[in-house]
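Undergrad: To be precise about what I am sending: the file is called final_3.csv and holds CSV, C-alpha atoms.
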```
chain,number,residue,atom,x,y,z
I,1,MET,CA,70.1,-6.9,4.7
I,2,SER,CA,73.1,-8.9,3.7
I,3,GLY,CA,74.4,-12.2,5.1
I,4,PRO,CA,75.0,-12.2,8.8
I,5,LEU,CA,78.6,-13.4,8.4
I,6,ASP,CA,79.7,-10.6,6.0
I,7,GLY,CA,83.2,-9.6,7.0
I,8,ILE,CA,84.2,-13.0,8.4
I,9,THR,CA,87.0,-14.8,6.7
I,10,VAL,CA,87.3,-18.6,6.8
I,11,LEU,CA,90.1,-20.8,5.6
I,12,GLY,CA,89.3,-24.4,4.6
I,13,LEU,CA,92.2,-26.9,4.7
I,14,GLU,CA,89.6,-29.4,3.6
I,15,GLN,CA,88.8,-32.3,1.5
I,16,ALA,CA,85.9,-34.7,0.8
I,17,ILE,CA,82.6,-33.8,2.6
I,18,ALA,CA,82.7,-32.9,6.3
I,19,ALA,CA,84.8,-29.8,6.3
I,20,PRO,CA,83.7,-28.5,2.9
I,21,LEU,CA,80.0,-28.7,3.8
I,22,CYS,CA,80.7,-26.8,7.0
I,23,THR,CA,82.5,-24.0,5.2
I,24,ARG,CA,80.0,-23.9,2.3
I,25,HIS,CA,77.2,-23.2,4.9
I,26,LEU,CA,79.4,-20.5,6.3
I,27,ALA,CA,79.7,-19.1,2.8
I,28,ASP,CA,76.0,-19.3,2.4
I,29,LEU,CA,75.7,-16.9,5.4
I,30,GLY,CA,78.0,-14.4,3.8
I,31,ALA,CA,81.5,-15.4,5.0
I,32,ARG,CA,84.4,-15.2,2.7
I,33,VAL,CA,85.7,-18.8,2.3
I,34,ILE,CA,89.2,-19.5,0.9
I,35,LYS,CA,89.7,-23.1,0.1
I,36,VAL,CA,93.3,-24.2,0.2
I,37,GLU,CA,94.0,-27.0,-2.3
I,38,GLN,CA,97.0,-29.0,-3.4
I,39,PRO,CA,98.3,-27.7,-6.7
I,40,GLY,CA,97.7,-30.1,-9.6
I,41,SER,CA,95.1,-32.3,-7.9
I,42,GLY,CA,93.0,-30.3,-5.5
I,43,ASP,CA,90.2,-31.7,-3.4
I,44,SER,CA,89.7,-35.4,-4.2
I,45,THR,CA,86.0,-34.9,-4.8
I,46,ARG,CA,86.9,-32.9,-7.9
I,47,HIS,CA,87.6,-36.2,-9.6
I,48,TYR,CA,84.7,-38.4,-8.4
I,49,ASP,CA,82.7,-38.2,-11.6
I,50,GLU,CA,81.8,-35.8,-14.4
I,51,ALA,CA,78.0,-35.8,-13.8
I,52,VAL,CA,77.5,-32.0,-13.8
I,53,ARG,CA,78.5,-31.2,-17.4
I,54,GLY,CA,82.0,-32.4,-16.8
I,55,LEU,CA,82.3,-31.4,-13.1
I,56,ALA,CA,81.9,-33.8,-10.1
I,57,ALA,CA,78.5,-33.8,-8.4
I,58,HIS,CA,80.0,-33.9,-4.9
I,59,PHE,CA,82.3,-30.9,-5.6
I,60,VAL,CA,79.6,-28.7,-7.1
I,61,TRP,CA,77.3,-29.5,-4.1
I,62,LEU,CA,80.0,-28.7,-1.5
I,63,ASN,CA,82.1,-25.9,-2.8
I,64,HIS,CA,80.1,-23.1,-4.4
I,65,GLY,CA,80.6,-19.7,-2.9
I,66,LYS,CA,84.3,-20.2,-2.2
I,67,GLU,CA,87.6,-19.1,-3.6
I,68,SER,CA,90.3,-21.6,-4.5
I,69,ALA,CA,94.0,-21.1,-3.6
I,70,ALA,CA,96.3,-23.8,-4.9
I,71,LEU,CA,99.1,-23.8,-2.3
I,72,ASP,CA,101.9,-26.3,-1.7
I,73,LEU,CA,102.2,-26.0,2.1
I,74,THR,CA,105.5,-27.8,2.1
I,75,ALA,CA,107.0,-25.0,0.1
I,76,PRO,CA,108.3,-22.1,2.2
I,77,ALA,CA,106.7,-19.3,0.2
I,78,ASP,CA,103.3,-20.9,0.3
I,79,HIS,CA,103.7,-21.8,3.9
I,80,ASP,CA,104.4,-18.2,4.7
I,81,LEU,CA,101.4,-17.1,2.6
I,82,LEU,CA,99.2,-19.4,4.7
I,83,HIS,CA,100.4,-17.6,7.9
I,84,ASP,CA,99.6,-14.3,6.2
I,85,LEU,CA,96.1,-15.6,5.6
I,86,LEU,CA,95.8,-16.8,9.2
I,87,GLU,CA,96.7,-13.4,10.5
I,88,ARG,CA,93.5,-12.0,9.0
I,89,ALA,CA,91.3,-15.1,9.2
I,90,ASP,CA,88.6,-15.5,11.7
I,91,VAL,CA,88.1,-19.3,11.3
I,92,ILE,CA,90.1,-22.2,10.0
I,93,VAL,CA,88.4,-25.6,9.4
I,94,SER,CA,90.5,-28.7,8.6
I,95,ASN,CA,89.8,-32.3,8.1
I,96,LEU,CA,93.1,-33.5,6.7
I,97,ALA,CA,94.5,-36.9,7.4
I,98,PRO,CA,95.6,-37.7,11.0
I,99,GLY,CA,98.9,-35.9,11.8
I,100,ALA,CA,98.9,-33.8,8.6
I,101,LEU,CA,98.6,-30.5,10.3
I,102,ASP,CA,101.3,-31.3,12.8
I,103,ARG,CA,103.7,-32.4,10.0
I,104,LEU,CA,103.1,-29.0,8.4
I,105,GLY,CA,103.8,-27.2,11.6
I,106,LEU,CA,100.2,-26.2,11.9
I,107,GLY,CA,99.2,-28.2,15.0
I,108,VAL,CA,96.1,-26.7,16.7
I,109,ASP,CA,97.8,-25.9,20.0
I,110,ALA,CA,100.5,-23.9,18.2
I,111,LEU,CA,97.9,-22.1,16.0
I,112,ALA,CA,95.9,-21.2,19.1
I,113,GLU,CA,98.9,-19.8,20.9
I,114,ARG,CA,100.0,-17.8,17.8
I,115,TYR,CA,96.6,-16.6,16.8
I,116,PRO,CA,94.5,-16.2,20.0
I,117,ARG,CA,91.5,-14.8,18.2
I,118,LEU,CA,91.4,-17.6,15.7
I,119,ILE,CA,88.6,-20.2,15.8
I,120,ILE,CA,90.2,-23.5,14.9
I,121,VAL,CA,88.0,-26.5,13.9
I,122,ASP,CA,89.9,-29.8,13.9
I,123,ILE,CA,87.8,-32.5,12.3
I,124,SER,CA,89.0,-36.1,12.7
I,125,GLY,CA,87.6,-39.6,12.5
I,126,TYR,CA,88.2,-40.8,16.0
I,127,GLY,CA,89.4,-37.8,18.0
I,128,ARG,CA,92.8,-37.2,19.7
I,129,GLY,CA,93.9,-39.9,22.1
I,130,GLY,CA,92.6,-43.5,22.3
I,131,PRO,CA,93.7,-46.5,20.3
I,132,LEU,CA,92.2,-45.4,17.0
I,133,ASP,CA,93.3,-41.8,16.7
I,134,HIS,CA,95.9,-42.6,14.0
I,135,LYS,CA,93.3,-44.2,11.7
I,136,ARG,CA,92.0,-42.7,8.5
I,137,ALA,CA,88.2,-42.3,8.6
I,138,TYR,CA,85.6,-42.3,5.8
I,139,ASP,CA,81.9,-42.2,6.2
I,140,LEU,CA,81.3,-45.9,5.8
I,141,LEU,CA,84.1,-46.8,8.2
I,142,ILE,CA,82.8,-44.5,10.9
I,143,GLN,CA,79.2,-45.8,10.5
I,144,ALA,CA,80.5,-49.3,10.7
I,145,GLU,CA,82.4,-48.6,14.0
I,146,ALA,CA,79.4,-46.7,15.4
I,147,GLY,CA,76.8,-49.3,14.8
I,148,SER,CA,74.5,-47.3,12.5
I,149,CYS,CA,74.8,-49.9,9.7
I,150,THR,CA,73.4,-52.6,11.9
I,151,ILE,CA,70.2,-50.7,12.6
I,152,THR,CA,69.8,-50.0,8.9
I,153,GLY,CA,68.6,-52.5,6.3
I,154,LEU,CA,67.1,-55.8,7.3
I,155,PRO,CA,67.9,-58.4,10.0
I,156,GLY,CA,71.2,-60.1,9.1
I,157,GLN,CA,71.6,-57.6,6.2
I,158,PRO,CA,73.3,-54.5,7.5
I,159,ALA,CA,73.4,-51.5,5.1
I,160,LYS,CA,75.1,-48.2,5.0
I,161,PRO,CA,72.4,-45.4,4.9
I,162,GLY,CA,72.4,-43.8,1.4
I,163,ILE,CA,73.0,-40.4,2.9
I,164,PRO,CA,76.6,-40.0,4.4
I,165,ILE,CA,75.3,-39.2,7.8
I,166,ALA,CA,78.8,-39.3,9.5
I,167,ASP,CA,80.1,-36.7,7.1
I,168,ILE,CA,77.0,-34.5,7.0
I,169,GLY,CA,76.4,-34.8,10.8
I,170,THR,CA,80.0,-33.8,11.5
I,171,ALA,CA,79.7,-30.8,9.1
I,172,LEU,CA,76.6,-29.5,10.8
I,173,TYR,CA,78.1,-29.9,14.3
I,174,ALA,CA,81.2,-28.0,13.1
I,175,TYR,CA,79.0,-25.3,11.5
I,176,SER,CA,77.0,-24.7,14.6
I,177,ALA,CA,80.1,-24.8,16.8
I,178,VAL,CA,81.7,-22.1,14.7
I,179,LEU,CA,78.7,-19.9,15.0
I,180,ALA,CA,78.7,-20.3,18.8
I,181,ALA,CA,82.4,-19.6,18.9
I,182,LEU,CA,82.0,-16.4,16.9
I,183,PHE,CA,79.3,-15.2,19.3
I,184,ASP,CA,81.6,-16.1,22.3
I,185,ARG,CA,84.5,-14.2,20.8
I,186,GLU,CA,82.4,-11.1,20.6
I,187,ARG,CA,82.0,-11.3,24.4
I,188,THR,CA,85.5,-12.5,25.4
I,189,GLY,CA,87.8,-11.5,22.5
I,190,ARG,CA,89.2,-15.1,22.5
I,191,GLY,CA,89.1,-17.6,19.7
I,192,ALA,CA,88.5,-21.3,20.3
I,193,VAL,CA,89.8,-24.8,19.5
I,194,ILE,CA,87.0,-27.1,18.5
I,195,PRO,CA,87.9,-30.7,18.1
I,196,ILE,CA,85.1,-32.7,16.4
I,197,ALA,CA,85.4,-36.5,16.0
I,198,MET,CA,83.1,-38.2,13.4
I,199,LEU,CA,82.7,-41.2,15.8
I,200,ASP,CA,81.4,-38.9,18.5
I,201,VAL,CA,78.9,-37.4,16.1
I,202,VAL,CA,77.4,-40.8,15.0
I,203,ALA,CA,77.5,-42.0,18.6
I,204,GLU,CA,75.3,-39.0,19.5
I,205,MET,CA,72.9,-39.8,16.6
I,206,MET,CA,72.6,-43.4,17.9
I,207,GLY,CA,71.1,-42.1,21.1
I,208,PHE,CA,67.8,-44.1,21.2
I,209,ALA,CA,69.6,-47.3,20.2
I,210,LEU,CA,72.3,-46.8,22.7
I,211,ASN,CA,69.8,-46.2,25.5
I,212,GLN,CA,67.9,-49.4,24.5
I,213,VAL,CA,71.1,-51.5,24.6
I,214,ILE,CA,72.4,-49.9,27.8
I,215,HIS,CA,69.2,-50.3,29.7
I,216,SER,CA,67.7,-53.5,28.2
I,217,GLY,CA,70.6,-55.3,26.7
I,218,VAL,CA,68.6,-55.8,23.6
I,219,GLU,CA,70.1,-55.0,20.2
I,220,PRO,CA,67.6,-53.2,18.0
I,221,GLU,CA,66.9,-55.0,14.7
I,222,PRO,CA,66.5,-53.1,11.5
I,223,VAL,CA,63.1,-53.2,9.8
I,224,GLY,CA,63.9,-51.8,6.3
I,225,MET,CA,61.5,-49.0,5.5
I,226,GLY,CA,60.4,-48.5,9.1
I,227,SER,CA,61.6,-48.0,12.7
I,228,PRO,CA,62.4,-50.7,15.2
I,229,MET,CA,60.9,-48.4,17.9
I,230,VAL,CA,57.3,-48.0,16.6
I,231,ALA,CA,54.6,-49.9,14.7
I,232,PRO,CA,52.8,-50.0,12.4
I,233,TYR,CA,55.1,-47.6,10.5
I,234,GLY,CA,56.4,-48.4,7.1
I,235,ALA,CA,56.1,-48.6,3.3
I,236,TYR,CA,53.2,-50.3,1.5
I,237,PRO,CA,52.7,-51.0,-2.2
I,238,THR,CA,49.5,-49.5,-3.7
I,239,ALA,CA,47.0,-50.6,-6.4
I,240,ASP,CA,48.7,-48.3,-8.9
I,241,HIS,CA,52.1,-49.7,-8.4
I,242,LEU,CA,53.5,-46.9,-6.2
I,243,THR,CA,54.4,-47.0,-2.6
I,244,ALA,CA,52.7,-45.2,0.3
I,245,VAL,CA,54.6,-44.5,3.5
I,246,LEU,CA,52.5,-44.1,6.7
I,247,GLY,CA,52.2,-45.2,10.2
I,248,THR,CA,51.7,-44.1,13.8
I,249,THR,CA,54.0,-42.8,16.5
I,250,SER,CA,51.6,-42.9,19.5
I,251,ASP,CA,48.8,-45.0,20.9
I,252,ARG,CA,46.3,-42.3,20.1
I,253,GLU,CA,47.4,-42.2,16.5
I,254,TRP,CA,47.1,-46.0,16.3
I,255,ARG,CA,43.5,-45.9,17.4
I,256,ARG,CA,42.8,-43.2,14.7
I,257,LEU,CA,44.6,-45.2,12.0
I,258,ALA,CA,42.7,-48.3,12.8
I,259,ALA,CA,39.2,-46.9,13.3
I,260,ASP,CA,39.2,-43.8,11.0
I,261,LEU,CA,41.6,-44.9,8.2
I,262,LEU,CA,41.3,-48.6,8.0
I,263,GLY,CA,37.7,-48.7,9.1
I,264,ARG,CA,38.5,-51.3,11.8
I,265,PRO,CA,37.3,-50.1,15.2
I,266,ASP,CA,37.8,-53.7,16.4
I,267,LEU,CA,41.5,-53.2,16.0
I,268,ALA,CA,41.5,-49.9,17.8
I,269,GLU,CA,39.8,-51.6,20.8
I,270,ASP,CA,41.8,-54.9,20.7
I,271,PRO,CA,43.9,-55.0,23.9
I,272,ARG,CA,46.6,-56.9,22.0
I,273,TYR,CA,47.5,-53.7,20.1
I,274,ALA,CA,46.8,-51.2,22.9
I,275,HIS,CA,50.3,-50.0,23.5
I,276,ASN,CA,53.3,-49.4,21.2
I,277,ALA,CA,55.4,-52.1,22.7
I,278,ASP,CA,52.6,-54.6,22.0
I,279,ARG,CA,52.4,-53.4,18.4
I,280,VAL,CA,56.1,-53.6,17.9
I,281,ARG,CA,56.0,-57.3,18.9
I,282,LEU,CA,53.1,-57.9,16.5
I,283,ARG,CA,54.6,-55.8,13.7
I,284,THR,CA,54.4,-58.5,11.1
I,285,GLU,CA,50.7,-59.1,11.4
I,286,LEU,CA,49.9,-55.4,11.6
I,287,ASP,CA,52.0,-54.7,8.5
I,288,GLU,CA,50.0,-57.4,6.7
I,289,ILE,CA,46.7,-55.7,7.7
I,290,VAL,CA,47.9,-52.2,6.6
I,291,GLY,CA,49.5,-53.6,3.5
I,292,LEU,CA,46.3,-55.4,2.3
I,293,TRP,CA,44.3,-52.2,2.8
I,294,CYS,CA,46.9,-50.1,0.8
I,295,ALA,CA,47.1,-52.8,-2.0
I,296,GLN,CA,43.4,-52.2,-2.7
I,297,ARG,CA,43.7,-48.5,-3.2
I,298,THR,CA,45.7,-46.0,-5.3
I,299,LEU,CA,48.3,-43.8,-3.7
I,300,ALA,CA,46.1,-40.7,-4.2
I,301,GLU,CA,43.2,-42.4,-2.4
I,302,ILE,CA,45.4,-43.5,0.5
I,303,GLN,CA,46.9,-40.1,0.9
I,304,GLN,CA,43.5,-38.3,0.8
I,305,ALA,CA,42.1,-40.7,3.4
I,306,ALA,CA,45.2,-40.5,5.6
I,307,ASP,CA,45.1,-36.7,5.5
I,308,ALA,CA,41.4,-36.7,6.5
I,309,ALA,CA,42.1,-39.1,9.4
I,310,GLY,CA,45.1,-37.0,10.6
I,311,ILE,CA,47.6,-39.7,9.8
I,312,GLY,CA,51.1,-38.8,8.5
I,313,ASN,CA,51.8,-40.1,5.1
I,314,ALA,CA,54.2,-39.7,2.2
I,315,ARG,CA,55.0,-41.0,-1.3
I,316,LEU,CA,58.2,-43.1,-1.7
I,317,ASN,CA,60.2,-41.1,-4.2
I,318,GLY,CA,63.4,-41.7,-6.0
I,319,VAL,CA,66.0,-39.0,-6.4
I,320,GLN,CA,64.4,-37.9,-9.6
I,321,GLY,CA,61.2,-37.4,-7.7
I,322,LEU,CA,63.0,-35.1,-5.3
I,323,ALA,CA,64.6,-33.1,-8.1
I,324,GLU,CA,61.1,-32.5,-9.5
I,325,HIS,CA,59.3,-32.2,-6.2
I,326,PRO,CA,56.5,-29.6,-6.4
I,327,GLN,CA,56.9,-28.5,-2.8
I,328,LEU,CA,60.5,-27.4,-3.4
I,329,ALA,CA,59.5,-25.6,-6.7
I,330,ALA,CA,56.4,-23.9,-5.2
I,331,ARG,CA,58.5,-22.5,-2.3
I,332,GLY,CA,61.3,-21.2,-4.4
I,333,ARG,CA,63.9,-23.6,-3.0
I,334,TRP,CA,66.1,-23.5,-6.1
I,335,ARG,CA,68.6,-21.0,-7.3
I,336,ASP,CA,71.3,-20.9,-10.0
I,337,ILE,CA,75.0,-21.0,-9.1
I,338,ASP,CA,77.9,-20.2,-11.3
I,339,THR,CA,80.5,-22.8,-12.3
I,340,PRO,CA,83.3,-23.0,-14.9
I,341,VAL,CA,80.8,-24.7,-17.2
I,342,GLY,CA,78.0,-22.2,-16.7
I,343,PRO,CA,75.1,-21.8,-14.3
I,344,VAL,CA,73.7,-24.9,-12.7
I,345,PRO,CA,70.8,-25.4,-10.2
I,346,ALA,CA,71.4,-25.7,-6.5
I,347,LEU,CA,69.2,-25.6,-3.4
I,348,VAL,CA,68.8,-22.6,-1.3
I,349,PRO,CA,70.4,-23.4,2.1
I,350,PRO,CA,68.0,-24.2,4.9
I,351,GLY,CA,67.8,-22.0,8.0
I,352,LEU,CA,68.0,-18.5,6.5
I,353,ALA,CA,66.2,-15.9,8.6
I,354,GLN,CA,63.8,-13.6,6.9
I,355,GLY,CA,65.7,-10.6,5.5
I,356,TRP,CA,69.0,-12.5,5.1
I,357,THR,CA,70.3,-12.9,1.6
I,358,THR,CA,72.6,-15.6,0.2
I,359,ALA,CA,74.8,-14.9,-2.8
I,360,SER,CA,74.5,-17.4,-5.6
I,361,GLY,CA,78.2,-18.1,-5.3
I,362,SER,CA,80.5,-19.8,-7.7
I,363,VAL,CA,82.2,-23.2,-7.9
I,364,PRO,CA,85.9,-22.3,-8.3
I,365,ALA,CA,88.2,-23.9,-10.8
I,366,LEU,CA,91.3,-25.3,-9.1
I,367,GLY,CA,93.6,-22.4,-8.1
I,368,ALA,CA,91.3,-19.8,-9.8
I,369,ASP,CA,92.0,-17.3,-7.0
I,370,THR,CA,95.6,-18.1,-6.2
I,371,ASP,CA,97.2,-15.0,-7.8
I,372,SER,CA,94.6,-12.6,-6.4
I,373,ILE,CA,95.0,-14.0,-2.9
I,374,ARG,CA,98.8,-13.7,-3.2
I,375,ALA,CA,98.5,-10.1,-4.2
I,376,GLU,CA,96.1,-9.3,-1.4
I,377,PHE,CA,97.7,-11.2,1.5
I,378,ALA,CA,101.3,-12.0,1.0
I,379,SER,CA,104.0,-10.2,3.0
I,380,THR,CA,102.3,-6.9,3.4
I,381,ALA,CA,99.1,-8.3,4.9
I,382,PRO,CA,98.2,-6.3,8.1
I,383,THR,CA,98.5,-8.2,11.4
I,384,ALA,CA,95.3,-9.1,13.1
I,385,ALA,CA,94.7,-7.8,16.6
I,386,GLY,CA,96.2,-10.2,19.1
I,387,SER,CA,98.3,-12.2,16.7
I,388,VAL,CA,102.0,-12.4,17.0
I,389,ARG,CA,104.2,-12.5,13.9
I,390,PRO,CA,107.3,-14.7,14.4
```
What's the structure tokens form of this structure?
TA:
Amino acid sequence: MSGPLDGITVLGLEQAIAAPLCTRHLADLGARVIKVEQPGSGDSTRHYDEAVRGLAAHFVWLNHGKESAALDLTAPADHDLLHDLLERADVIVSNLAPGALDRLGLGVDALAERYPRLIIVDISGYGRGGPLDHKRAYDLLIQAEAGSCTITGLPGQPAKPGIPIADIGTALYAYSAVLAALFDRERTGRGAVIPIAMLDVVAEMMGFALNQVIHSGVEPEPVGMGSPMVAPYGAYPTADHLTAVLGTTSDREWRRLAADLLGRPDLAEDPRYAHNADRVRLRTELDEIVGLWCAQRTLAEIQQAADAAGIGNARLNGVQGLAEHPQLAARGRWRDIDTPVGPVPALVPPGLAQGWTTASGSVPALGADTDSIRAEFASTAPTAAGSVRP
């Protein structure tokens, strides 16, 4: 069985991370994705670094499985070609700068009227309307506005999470919304306009912290390698100079950790630690107790004992540790993808149903498919059902 989106055509007027990751996942499921890029420069992530044998790490991650059409949308011929593409496309995903689509005569309302079966995803930083809708938005800027940096790091030392959660979260919301819209179109015959604001996405992700502030007025304080909501729960150095990560998420787990793992039934029965809210207030002294226990044991000893006691645990890895992770290797989570410099490894996408296949895909050189796309779509492209040629 081939990919479930075989036969679906997606246009990406895209750059950076949010829209390209959304469309790459659609390509992973079998959609044909045509990435529209500015001639001469292309997507800005093409030029971030040369880590992948001369190619940029971001671009290789985000753009395999796509075709690249280098089009100058301010030029009449290329603008017309884009409309030829739109007549046969099922989805368009854009995250260009505020106002860019309107300046090109491609405002979402006009597109929806002209192509009623088209699914239009309009990704922006702050959404339409409101005092900030004109502002450019990058991952750090949105995370700063949305408060996620203040619950990361240490008290008084806010930090941006290492993973670009605003970009990635937005990509995944866009991806899931496209799948829902395709399903809805099967029933109604109508496309959809899907506006997605990065600020809205991170605000949703801040749910527990928002509820805490709204209902208690207390700002959560970051705790580094841990969670402000539960304790003990953190990272502890080991006797062999590694780091164990473990902890509890319920009162029952706490009693098991104290009695079965630490060998301290007195702690399990101590009323000062009976409930999670109590343990959060006494986080520092509990971290000292757990930390001392871990410091006297190797990581292997800690993990074996924690598994036996039914306590969740992990090893603190660097990125190299992830690249070499035996769990990924044992489960066949790697594949090769083609690039202009030869095959390189990439992860198999999550969420594939049994029986679905995903093509290895290729990372396109800038404009590699422009000529073939012109030949296929320009002027003589058939008109999609429901669209109206001007």
Undergrad: Show me, as a list of chain:residue names, the residues that have an atom within 10 Å of stretch 219-223 of chain I when counting only C-alpha atoms, minus same-chain residues fewer than 5 positions from it.
TA: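 The neighbour list is I:Ser148, I:Cys149, I:Thr150, I:Ile151, I:Thr152, I:Gly153, I:Leu154, I:Pro155, I:Gly156, I:Gln157, I:Pro158, I:Ala159, I:Phe208, I:Ala209, I:Leu210, I:Gln212, I:Val213, I:Ile214, I:Pro228, I:Met229, I:Tyr233, I:Gly234, I:Arg283.
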Undergrad: Each residue of stretch 145-206 of chain I lying at most 12 Å from stretch 112-125 of chain I should get a row with its shortest atom-to-atom pair and the distance in Å to one decimal, counting only C-alpha atoms; could you produce that, ordered by chain and increasing number, as JSON lines?
TA:
```
{"residue": "I:Glu145", "atom": "CA", "partner": "I:Gly125", "partner_atom": "CA", "distance": 10.5}
{"residue": "I:Ala146", "atom": "CA", "partner": "I:Gly125", "partner_atom": "CA", "distance": 11.2}
{"residue": "I:Ala166", "atom": "CA", "partner": "I:Gly125", "partner_atom": "CA", "distance": 9.3}
{"residue": "I:Asp167", "atom": "CA", "partner": "I:Gly125", "partner_atom": "CA", "distance": 9.7}
{"residue": "I:Gly169", "atom": "CA", "partner": "I:Ile123", "partner_atom": "CA", "distance": 11.7}
{"residue": "I:Thr170", "atom": "CA", "partner": "I:Ile123", "partner_atom": "CA", "distance": 7.9}
{"residue": "I:Ala171", "atom": "CA", "partner": "I:Ile123", "partner_atom": "CA", "distance": 8.9}
{"residue": "I:Leu172", "atom": "CA", "partner": "I:Ile123", "partner_atom": "CA", "distance": 11.7}
{"residue": "I:Tyr173", "atom": "CA", "partner": "I:Ile123", "partner_atom": "CA", "distance": 10.2}
{"residue": "I:Ala174", "atom": "CA", "partner": "I:Val121", "partner_atom": "CA", "distance": 7.0}
{"residue": "I:Tyr175", "atom": "CA", "partner": "I:Val121", "partner_atom": "CA", "distance": 9.4}
{"residue": "I:Ser176", "atom": "CA", "partner": "I:Val121", "partner_atom": "CA", "distance": 11.2}
{"residue": "I:Ala177", "atom": "CA", "partner": "I:Val121", "partner_atom": "CA", "distance": 8.6}
{"residue": "I:Val178", "atom": "CA", "partner": "I:Ile119", "partner_atom": "CA", "distance": 7.2}
{"residue": "I:Leu179", "atom": "CA", "partner": "I:Ile119", "partner_atom": "CA", "distance": 9.9}
{"residue": "I:Ala180", "atom": "CA", "partner": "I:Ile119", "partner_atom": "CA", "distance": 10.3}
{"residue": "I:Ala181", "atom": "CA", "partner": "I:Ile119", "partner_atom": "CA", "distance": 7.0}
{"residue": "I:Leu182", "atom": "CA", "partner": "I:Ile119", "partner_atom": "CA", "distance": 7.7}
{"residue": "I:Phe183", "atom": "CA", "partner": "I:Ile119", "partner_atom": "CA", "distance": 11.1}
{"residue": "I:Asp184", "atom": "CA", "partner": "I:Ile119", "partner_atom": "CA", "distance": 10.4}
{"residue": "I:Arg185", "atom": "CA", "partner": "I:Arg117", "partner_atom": "CA", "distance": 7.5}
{"residue": "I:Glu186", "atom": "CA", "partner": "I:Arg117", "partner_atom": "CA", "distance": 10.1}
{"residue": "I:Arg187", "atom": "CA", "partner": "I:Arg117", "partner_atom": "CA", "distance": 11.9}
{"residue": "I:Thr188", "atom": "CA", "partner": "I:Arg117", "partner_atom": "CA", "distance": 9.7}
{"residue": "I:Gly189", "atom": "CA", "partner": "I:Arg117", "partner_atom": "CA", "distance": 6.6}
{"residue": "I:Arg190", "atom": "CA", "partner": "I:Arg117", "partner_atom": "CA", "distance": 4.9}
{"residue": "I:Gly191", "atom": "CA", "partner": "I:Arg117", "partner_atom": "CA", "distance": 4.0}
{"residue": "I:Ala192", "atom": "CA", "partner": "I:Ile119", "partner_atom": "CA", "distance": 4.6}
{"residue": "I:Val193", "atom": "CA", "partner": "I:Ile120", "partner_atom": "CA", "distance": 4.8}
{"residue": "I:Ile194", "atom": "CA", "partner": "I:Val121", "partner_atom": "CA", "distance": 4.7}
{"residue": "I:Pro195", "atom": "CA", "partner": "I:Asp122", "partner_atom": "CA", "distance": 4.7}
{"residue": "I:Ile196", "atom": "CA", "partner": "I:Ile123", "partner_atom": "CA", "distance": 4.9}
{"residue": "I:Ala197", "atom": "CA", "partner": "I:Ser124", "partner_atom": "CA", "distance": 4.9}
{"residue": "I:Met198", "atom": "CA", "partner": "I:Gly125", "partner_atom": "CA", "distance": 4.8}
{"residue": "I:Leu199", "atom": "CA", "partner": "I:Gly125", "partner_atom": "CA", "distance": 6.1}
{"residue": "I:Asp200", "atom": "CA", "partner": "I:Gly125", "partner_atom": "CA", "distance": 8.7}
{"residue": "I:Val201", "atom": "CA", "partner": "I:Gly125", "partner_atom": "CA", "distance": 9.7}
{"residue": "I:Val202", "atom": "CA", "partner": "I:Gly125", "partner_atom": "CA", "distance": 10.6}
```
Undergrad: Report as a PyMOL selection string all protein, DNA and RNA residues lying within 8 Å of stretch 72-84 of chain I, evaluated on all atoms listed in the file, omitting residues in the same chain fewer than 4 positions from it.
TA: chain I and resi 37-39+88+104+374+377-379+381
Undergrad: Could those selected residues go to a file with C-alpha atoms, as an mmCIF file, keeping the file's coordinate frame?
TA:
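For reference, selection-v2.cif as written:
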```cif
data_model
loop_
_atom_site.group_PDB
_atom_site.id
_atom_site.type_symbol
_atom_site.label_atom_id
_atom_site.label_comp_id
_atom_site.auth_asym_id
_atom_site.auth_seq_id
_atom_site.Cartn_x
_atom_site.Cartn_y
_atom_site.Cartn_z
ATOM 1 C CA GLU I 37 94.000 -27.000 -2.300
ATOM 2 C CA GLN I 38 97.000 -29.000 -3.400
ATOM 3 C CA PRO I 39 98.300 -27.700 -6.700
ATOM 4 C CA ARG I 88 93.500 -12.000 9.000
ATOM 5 C CA LEU I 104 103.100 -29.000 8.400
ATOM 6 C CA ARG I 374 98.800 -13.700 -3.200
ATOM 7 C CA PHE I 377 97.700 -11.200 1.500
ATOM 8 C CA ALA I 378 101.300 -12.000 1.000
ATOM 9 C CA SER I 379 104.000 -10.200 3.000
ATOM 10 C CA ALA I 381 99.100 -8.300 4.900
#
```
Undergrad: Which residue gives the smallest distance to I:Val93 among I:Ala51, I:Val230, I:Leu26, I:Ala144, with only C-alpha atoms counted?
TA: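 The answer is I:Leu26, which sits nearest to I:Val93.
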Undergrad: To one decimal in Å, tell me the separation between atom CA of I:Val348 and atom CA of I:Met225.
TA: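 About the pair atom CA of I:Val348 and atom CA of I:Met225: they are 28.2 Å apart.
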Undergrad: My list of candidates is I:Ala57, I:Ala353, I:Ala18, I:Leu13. Which is closest to I:Ile92 when distances are computed with only C-alpha atoms?
TA: I:Leu13
Undergrad: Which residues are close to I:Ile8, i.e. within 8 Å by only C-alpha atoms, leaving aside same-chain residues fewer than 4 positions away? Reply as a list in words.
TA: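 Everything that qualifies: Gly30, Ala31, Arg32, Ala89, Asp90 and Val91 of chain I.
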Undergrad: Interatomic distance between atom CA of I:Glu324 and atom CA of I:Asp338?
TA: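 Distance reported for this atom pair: 20.9 Å.
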Undergrad: State, in Å with one decimal place, the distance from atom CA of I:Pro232 to atom CA of I:Gly147.
TA: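 About the pair atom CA of I:Pro232 and atom CA of I:Gly147: they are 24.1 Å apart.
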